[in-house]
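As provided, protein_7.txt (compact mmCIF, C-alpha atoms and all ligand atoms) reads as follows.
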# COMPACT_ATOMS: atom_id res chain seq x y z
CA MET A 80 75.39 193.19 70.00
CA ALA A 81 74.99 190.53 72.66
CA ASP A 82 75.50 186.98 71.48
CA ARG A 83 72.87 185.03 73.32
CA LEU A 84 73.49 181.32 73.61
CA PRO A 85 70.18 179.78 74.65
CA THR A 86 69.78 176.26 75.89
CA ARG A 87 66.74 175.67 73.70
CA TRP A 88 66.95 173.92 70.34
CA GLN A 89 69.03 175.78 67.78
CA PRO A 90 69.23 175.42 64.02
CA ARG A 91 72.74 173.96 63.89
CA HIS A 92 73.27 171.70 60.90
CA ALA A 93 69.58 171.77 59.98
CA LEU A 94 67.82 171.94 56.65
CA CYS A 95 65.02 174.49 56.91
CA LEU A 96 62.07 174.39 54.56
CA VAL A 97 60.47 177.82 54.09
CA THR A 98 57.11 177.25 52.48
CA ASP A 99 55.53 178.74 49.40
CA GLY A 100 52.30 176.95 48.54
CA SER A 101 52.17 178.63 45.12
CA LEU A 102 55.31 176.73 44.06
CA CYS A 103 54.04 173.30 45.13
CA ALA A 104 51.63 172.51 42.26
CA PRO A 105 50.66 169.89 41.27
CA ARG A 106 51.17 168.83 44.89
CA THR A 107 49.54 170.39 47.92
CA LEU A 108 51.64 172.16 50.52
CA VAL A 109 50.83 169.40 53.02
CA GLU A 110 52.12 166.78 50.57
CA VAL A 111 55.34 168.72 50.00
CA VAL A 112 55.97 169.30 53.71
CA SER A 113 55.29 165.65 54.44
CA ALA A 114 57.73 164.51 51.73
CA ALA A 115 60.34 167.05 52.84
CA LEU A 116 60.16 165.83 56.43
CA GLN A 117 60.69 162.28 55.21
CA GLY A 118 63.70 163.55 53.27
CA GLY A 119 65.32 165.05 56.36
CA VAL A 120 64.10 168.61 56.82
CA GLY A 121 64.88 169.71 60.38
CA MET A 122 62.82 172.89 60.65
CA VAL A 123 59.75 174.18 58.82
CA GLN A 124 58.95 177.89 58.50
CA LEU A 125 55.38 178.52 57.40
CA ARG A 126 55.47 181.62 55.20
CA GLU A 127 52.07 182.73 53.93
CA LYS A 128 51.93 186.20 52.47
CA LYS A 129 48.43 186.09 51.01
CA LEU A 130 46.28 183.99 53.33
CA ASP A 131 43.77 185.65 55.59
CA SER A 132 44.12 185.01 59.30
CA ARG A 133 41.63 182.18 59.61
CA ALA A 134 43.03 180.28 56.65
CA PHE A 135 46.56 180.84 57.95
CA VAL A 136 45.62 179.27 61.30
CA GLU A 137 44.02 176.29 59.56
CA ARG A 138 47.08 175.75 57.40
CA ALA A 139 49.40 176.16 60.37
CA ARG A 140 47.50 173.49 62.29
CA ALA A 141 47.66 171.11 59.33
CA ILE A 142 51.43 171.60 59.01
CA GLN A 143 51.88 171.42 62.79
CA ALA A 144 50.36 167.94 62.83
CA LEU A 145 53.17 166.86 60.51
CA THR A 146 56.03 168.69 62.23
CA ALA A 147 54.95 167.58 65.69
CA SER A 148 54.86 163.93 64.71
CA ALA A 149 58.27 164.29 63.06
CA GLY A 150 59.70 166.05 66.14
CA VAL A 151 60.68 169.07 64.05
CA PRO A 152 60.10 172.70 65.10
CA LEU A 153 57.46 174.77 63.30
CA VAL A 154 58.31 178.46 62.95
CA ILE A 155 55.78 181.00 61.70
CA ASN A 156 56.91 183.79 59.39
CA ASP A 157 55.99 187.37 60.37
CA ARG A 158 52.75 186.71 62.24
CA LEU A 159 53.07 186.76 66.03
CA ASP A 160 49.31 186.39 66.40
CA ILE A 161 49.29 183.14 64.39
CA ALA A 162 52.30 181.79 66.30
CA LEU A 163 50.51 182.45 69.59
CA VAL A 164 47.17 181.01 68.48
CA VAL A 165 48.63 177.72 67.25
CA GLY A 166 51.37 177.47 69.88
CA ALA A 167 54.14 177.35 67.28
CA ASP A 168 57.71 176.60 68.27
CA GLY A 169 58.95 179.91 66.96
CA LEU A 170 58.61 183.08 64.92
CA HIS A 171 60.82 184.49 62.16
CA VAL A 172 60.93 188.26 61.69
CA GLY A 173 62.74 190.57 59.32
CA GLN A 174 64.04 194.10 59.51
CA SER A 175 60.62 195.67 58.88
CA ASP A 176 58.55 193.26 60.97
CA LEU A 177 57.75 193.33 64.67
CA SER A 178 60.87 193.98 66.72
CA VAL A 179 62.55 191.11 68.51
CA ALA A 180 61.98 192.94 71.82
CA ASP A 181 58.23 193.09 71.20
CA VAL A 182 58.15 189.45 70.06
CA ARG A 183 59.96 188.41 73.24
CA LEU A 184 57.25 190.03 75.39
CA TRP A 185 54.85 187.44 74.03
CA LEU A 186 57.14 184.53 73.18
CA PRO A 187 59.73 184.49 75.97
CA ASP A 188 60.70 180.86 75.42
CA ALA A 189 60.10 180.28 71.71
CA LEU A 190 62.68 180.14 68.95
CA VAL A 191 63.07 183.62 67.43
CA GLY A 192 64.86 184.15 64.12
CA LEU A 193 65.85 187.52 62.65
CA SER A 194 66.78 188.20 59.02
CA ILE A 195 69.91 190.22 58.43
CA GLU A 196 70.72 191.59 54.99
CA SER A 197 74.02 193.34 55.74
CA MET A 198 76.85 193.68 58.23
CA ALA A 199 75.08 196.80 59.54
CA ASP A 200 72.02 194.67 60.34
CA LEU A 201 74.24 192.23 62.24
CA LEU A 202 75.85 195.01 64.26
CA ALA A 203 72.40 196.37 65.13
CA ALA A 204 70.92 192.97 65.98
CA PRO A 205 69.26 192.98 69.39
CA ALA A 206 69.58 190.49 72.20
CA GLY A 207 66.98 187.78 72.28
CA VAL A 208 67.66 186.29 68.86
CA ASP A 209 68.20 182.54 68.57
CA TYR A 210 69.38 182.46 64.98
CA LEU A 211 70.05 184.82 62.10
CA GLY A 212 68.65 184.38 58.61
CA VAL A 213 71.47 185.59 56.35
CA SER A 214 69.63 186.86 53.33
CA PRO A 215 69.88 186.59 50.43
CA VAL A 216 73.16 184.81 49.81
CA PHE A 217 72.41 184.54 46.09
CA ALA A 218 69.86 186.30 43.88
CA THR A 219 66.46 184.65 43.94
CA ALA A 220 63.22 185.02 42.04
CA THR A 221 61.23 183.62 44.97
CA LYS A 222 61.14 186.86 46.99
CA ALA A 223 60.39 189.93 44.90
CA ASP A 224 61.63 192.43 47.49
CA ALA A 225 64.84 190.63 48.45
CA ALA A 226 67.88 192.80 49.12
CA ALA A 227 71.08 192.68 47.05
CA ALA A 228 72.83 189.33 47.22
CA LEU A 229 75.52 189.10 49.92
CA GLY A 230 77.50 186.48 48.05
CA LEU A 231 79.72 183.92 49.69
CA GLU A 232 82.17 186.62 50.81
CA GLY A 233 79.40 188.57 52.52
CA LEU A 234 78.30 185.42 54.31
CA ALA A 235 81.87 184.67 55.40
CA ALA A 236 82.29 188.19 56.80
CA ILE A 237 79.10 187.81 58.86
CA ARG A 238 80.31 184.38 60.04
CA ALA A 239 83.52 185.94 61.28
CA ALA A 240 81.60 188.54 63.29
CA THR A 241 79.12 186.43 65.29
CA ARG A 242 78.74 183.12 67.09
CA LEU A 243 74.97 183.03 66.61
CA PRO A 244 73.68 180.21 64.40
CA LEU A 245 73.50 181.37 60.78
CA VAL A 246 70.71 180.10 58.53
CA ALA A 247 71.59 181.02 54.95
CA ILE A 248 68.76 181.67 52.49
CA GLY A 249 68.33 182.83 48.90
CA GLY A 250 69.14 180.95 45.71
CA ILE A 251 70.39 177.86 47.52
CA GLY A 252 70.19 174.40 46.00
CA ALA A 253 72.20 171.21 45.72
CA HIS A 254 74.58 172.88 43.24
CA ASN A 255 75.86 175.46 45.76
CA ALA A 256 74.91 174.05 49.19
CA ARG A 257 78.40 172.85 50.09
CA ALA A 258 79.96 176.21 49.18
CA VAL A 259 77.46 178.01 51.41
CA LEU A 260 78.25 175.69 54.32
CA ARG A 261 82.00 176.09 53.76
CA HIS A 262 81.60 179.88 53.94
CA GLY A 263 80.13 179.72 57.40
CA ALA A 264 76.44 178.83 57.30
CA ASP A 265 75.32 176.47 60.05
CA SER A 266 72.06 175.67 58.31
CA LEU A 267 70.42 176.13 54.93
CA ALA A 268 66.93 177.48 54.26
CA VAL A 269 65.31 176.82 50.91
CA VAL A 270 62.00 177.47 49.22
CA SER A 271 62.05 176.55 45.52
CA ALA A 272 64.70 173.84 45.81
CA ILE A 273 62.12 171.74 47.67
CA CYS A 274 58.69 173.26 46.92
CA ALA A 275 59.24 173.30 43.16
CA ALA A 276 61.26 170.08 42.97
CA ALA A 277 60.04 167.19 40.84
CA ASP A 278 60.70 164.97 43.87
CA PRO A 279 60.60 167.05 47.10
CA ARG A 280 61.62 164.12 49.27
CA ALA A 281 64.71 163.39 47.18
CA ALA A 282 65.57 167.10 46.98
CA ALA A 283 65.39 167.40 50.77
CA ALA A 284 67.43 164.23 51.23
CA GLU A 285 70.18 165.52 48.94
CA LEU A 286 70.40 168.88 50.76
CA ALA A 287 70.23 167.25 54.21
CA GLY A 288 73.01 164.91 53.09
CA CYS A 289 75.19 167.89 52.15
CA ILE A 290 74.66 169.42 55.59
CA GLU A 291 75.39 166.17 57.39
CA SER A 292 78.56 165.37 55.48
CA GLU A 293 79.88 168.95 55.71
CA SER A 294 79.19 169.13 59.45
CA ASN A 295 80.93 165.78 60.00
CA SER A 296 84.00 167.03 58.18
CA ARG A 297 84.30 170.20 60.32
CA PRO A 298 86.16 170.39 63.60
CA SER A 299 83.53 170.71 66.37
C1 LIG A 301 65.55 181.83 57.42
C2 LIG A 301 64.97 183.07 56.86
N1 LIG A 301 65.79 184.09 56.58
C3 LIG A 301 65.28 185.22 56.05
C4 LIG A 301 63.92 185.35 55.83
C5 LIG A 301 63.33 186.62 55.28
O1 LIG A 301 62.54 187.29 56.25
P1 LIG A 301 61.99 188.75 55.91
O2 LIG A 301 63.13 189.62 55.58
O3 LIG A 301 61.11 189.16 57.02
O4 LIG A 301 61.15 188.53 54.61
P2 LIG A 301 59.82 187.67 54.45
O5 LIG A 301 60.19 186.23 54.50
O6 LIG A 301 58.90 188.03 55.57
O7 LIG A 301 59.29 188.07 53.11
C6 LIG A 301 63.11 184.26 56.14
N2 LIG A 301 61.79 184.29 55.95
N3 LIG A 301 63.65 183.13 56.65
C1 LIG A 302 61.95 183.82 52.06
C2 LIG A 302 63.15 184.48 51.52
N1 LIG A 302 63.79 185.50 52.17
C3 LIG A 302 64.81 185.97 51.47
C4 LIG A 302 65.60 187.12 51.90
O1 LIG A 302 66.54 187.50 51.16
O2 LIG A 302 65.31 187.65 52.96
S1 LIG A 302 65.08 185.18 50.03
C5 LIG A 302 63.74 184.19 50.31
C6 LIG A 302 63.28 183.16 49.35
C7 LIG A 302 64.35 182.13 49.05
O3 LIG A 302 63.80 181.30 48.09
P1 LIG A 302 64.66 180.31 47.24
O4 LIG A 302 65.19 179.27 48.16
O5 LIG A 302 63.67 179.73 46.26
O6 LIG A 302 65.73 181.10 46.57
MG MG A 303 59.18 189.11 57.34
If you took the structure in this file and wrote it as structure tokens, what would it be?
Ligand SMILES: Cc1ncc(COP(=O)(O)OP(=O)(O)O)c(N)n1
Ligand SMILES: Cc1nc(C(=O)O)sc1CCOP(=O)(O)O
Ligand SMILES: [Mg+2]
Amino acid sequence: MADRLPTRWQPRHALCLVTDGSLCAPRTLVEVVSAALQGGVGMVQLREKKLDSRAFVERARAIQALTASAGVPLVINDRLDIALVVGADGLHVGQSDLSVADVRLWLPDALVGLSIESMADLLAAPAGVDYLGVSPVFATATKADAAAALGLEGLAAIRAATRLPLVAIGGIGAHNARAVLRHGADSLAVVSAICAAADPRAAAAELAGCIESESNSRPS
């Protein structure tokens, strides 16, 4: 695979919030995203599996108002059409979604993330990817169709095989964040650790603090 090193923003040492509105109650998704941004989230991925297109666009615009004023990129999960309509900063796709090559036809300059669930996925990864979602590192109840957990050793093996930014996802929280970073993740992506937290701002601040202190203790 070609390691592409773009000049655009990359998720290095960032905390990524992947949204799930169904986990936010009693708060709204907008309240959780707002609190998470205050806590130090550095990228938001809007992941809506059940909304129809018009509602998805409305929600994306509401979240975009928050991310834009925080200076944080908004990435849309799966839906190229929504990313284009709202002018999102990026799109995240998985192994069964639109191909990166097709996404690049429409989003030549946006941030494009690709999920990889195995070393074979890494070896088959196309050019044009800005970051890799390494998924899932640990078992998670948040995504029903998640692949088998890679574990910390699986993450470390992928780290050794690519220079692309790695965004680890799946079962990550404050209890294991430092271990994930020490096994090669550049950034952490979480859903329940923020969306379902009693205090989403404090949860984000704790995770962002782990990323900051671990990145400061690494040789650059
Ligand atoms: C950062 C990050 N990594 C992996 C995923 C999973 O994407 P995908 O495999 O396409 O699954 P869905 O999220 O679409 O259910 C992700 N969303 N973000
Ligand atoms: C959105 C997503 N993708 C995954 C994958 O394995 O591809 S796991 C996942 C959800 C992660 O949720 P939590 O932080 O609550 O474990
Ligand atoms: Mg997908």
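Considering only C-alpha atoms, the residue among A:Val109, A:Leu190, A:Leu286, A:Leu234 positioned nearest to A:Ala162 is A:Leu190.
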Can you list every residue of chain A that has an atom at most 10 Å from ligand MG 303 (chain A), with its nearest atom pair and the distance in Å to one decimal, using only C-alpha atoms and all ligand atoms, ordered by chain then number, as CSV?
residue,atom,partner,partner_atom,distance
A:Arg126,CA,A:MG303,MG,8.6
A:Lys128,CA,A:MG303,MG,9.2
A:Ile155,CA,A:MG303,MG,9.8
A:Asn156,CA,A:MG303,MG,6.1
A:Asp157,CA,A:MG303,MG,4.7
A:Arg158,CA,A:MG303,MG,8.4
A:Leu170,CA,A:MG303,MG,9.7
A:His171,CA,A:MG303,MG,6.9
A:Val172,CA,A:MG303,MG,4.8
A:Gly173,CA,A:MG303,MG,4.3
A:Gln174,CA,A:MG303,MG,7.3
A:Ser175,CA,A:MG303,MG,6.9
A:Asp176,CA,A:MG303,MG,5.5
A:Leu177,CA,A:MG303,MG,8.6
A:Leu193,CA,A:MG303,MG,8.7
A:Ser194,CA,A:MG303,MG,7.8
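Interatomic distance, atom CA of A:Ile195 to atom O2 of ligand LIG 301 (chain A): 7.4 Å.
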For this session: Name each residue within 8 Å of ligand LIG 302 (chain A), counting all atoms listed in the file, as a count of residues only.
Result: 31
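Counting from atom CA of A:Leu116, the distance to atom CA of A:Ala149 is 7.1 Å.
Minimum atom-to-atom distances from A:Ala134, A:Ala144, A:Leu245, A:Leu125 to A:Tyr210 were compared using all atoms listed in the file, and the lowest value belongs to A:Leu245.
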Might I get the box with edges along x, y and z of the file that holds all atoms of ligand LIG 301 (chain A) listed there, padded by 4 Å on every side, given as centre and edge lengths in Å to one decimal, as JSON?
{"center_x": 62.3, "center_y": 185.7, "center_z": 55.3, "size_x": 14.9, "size_y": 15.8, "size_z": 12.3}
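Our summary of the geometry notes that atom CA of A:Asn295 is positioned 14.2 Å from atom CA of A:Gly263.
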Exercise. For A:Arg91, which residue among A:Ala180, A:Ile273, A:Leu130, A:Leu267 is the nearest when counting only C-alpha atoms?
Worked result: A:Leu267
Exercise. Which residues, written as a VMD selection string, have at least one atom at most 10 Å from A:Ala141, with only C-alpha atoms counted and residues fewer than 5 positions away on the same chain left out?
Worked result: chain A and resid 108 to 109 135 to 136 146
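You can rank A:Gln89, A:Ser132, A:Ser197, A:Gln117 by their closest distance to A:Gly169 using all atoms listed in the file, and at the top of that list sits A:Gln89.
Here the question is which of A:Ala167, A:Leu229, A:Val246, A:Ala139 gets nearest to ligand LIG 301 (chain A) using only C-alpha atoms and all ligand atoms, and that residue is A:Val246.
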Problem set entry | Spatial neighbours of A:Leu94, max dist 10 Å, all atoms listed in the file, sep filter under 2 positions, as a PyMOL selection string | chain A and resi 90-92+96-97+115-116+118-123+246-247+265-269+283-284+286-291
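Shortest atom-to-atom contact with ligand LIG 301 (chain A) among A:Ala236, A:Pro244, A:Gly150, A:Arg106: A:Pro244, counting all atoms listed in the file.
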Problem set entry | Residues within 8 Å of A:Val179, all atoms listed in the file, excluding chain neighbours under 5 positions, as a PyMOL selection string | chain A and resi 172+191+193+205-208
For this session: List every protein, DNA or RNA residue with an atom no more than 10 Å from (55.0, 184.0, 73.2) in the file's coordinates, counting only C-alpha atoms, and format the result as a ChimeraX atom specification.
Result: /A:159-160,162-164,166-170,181-191
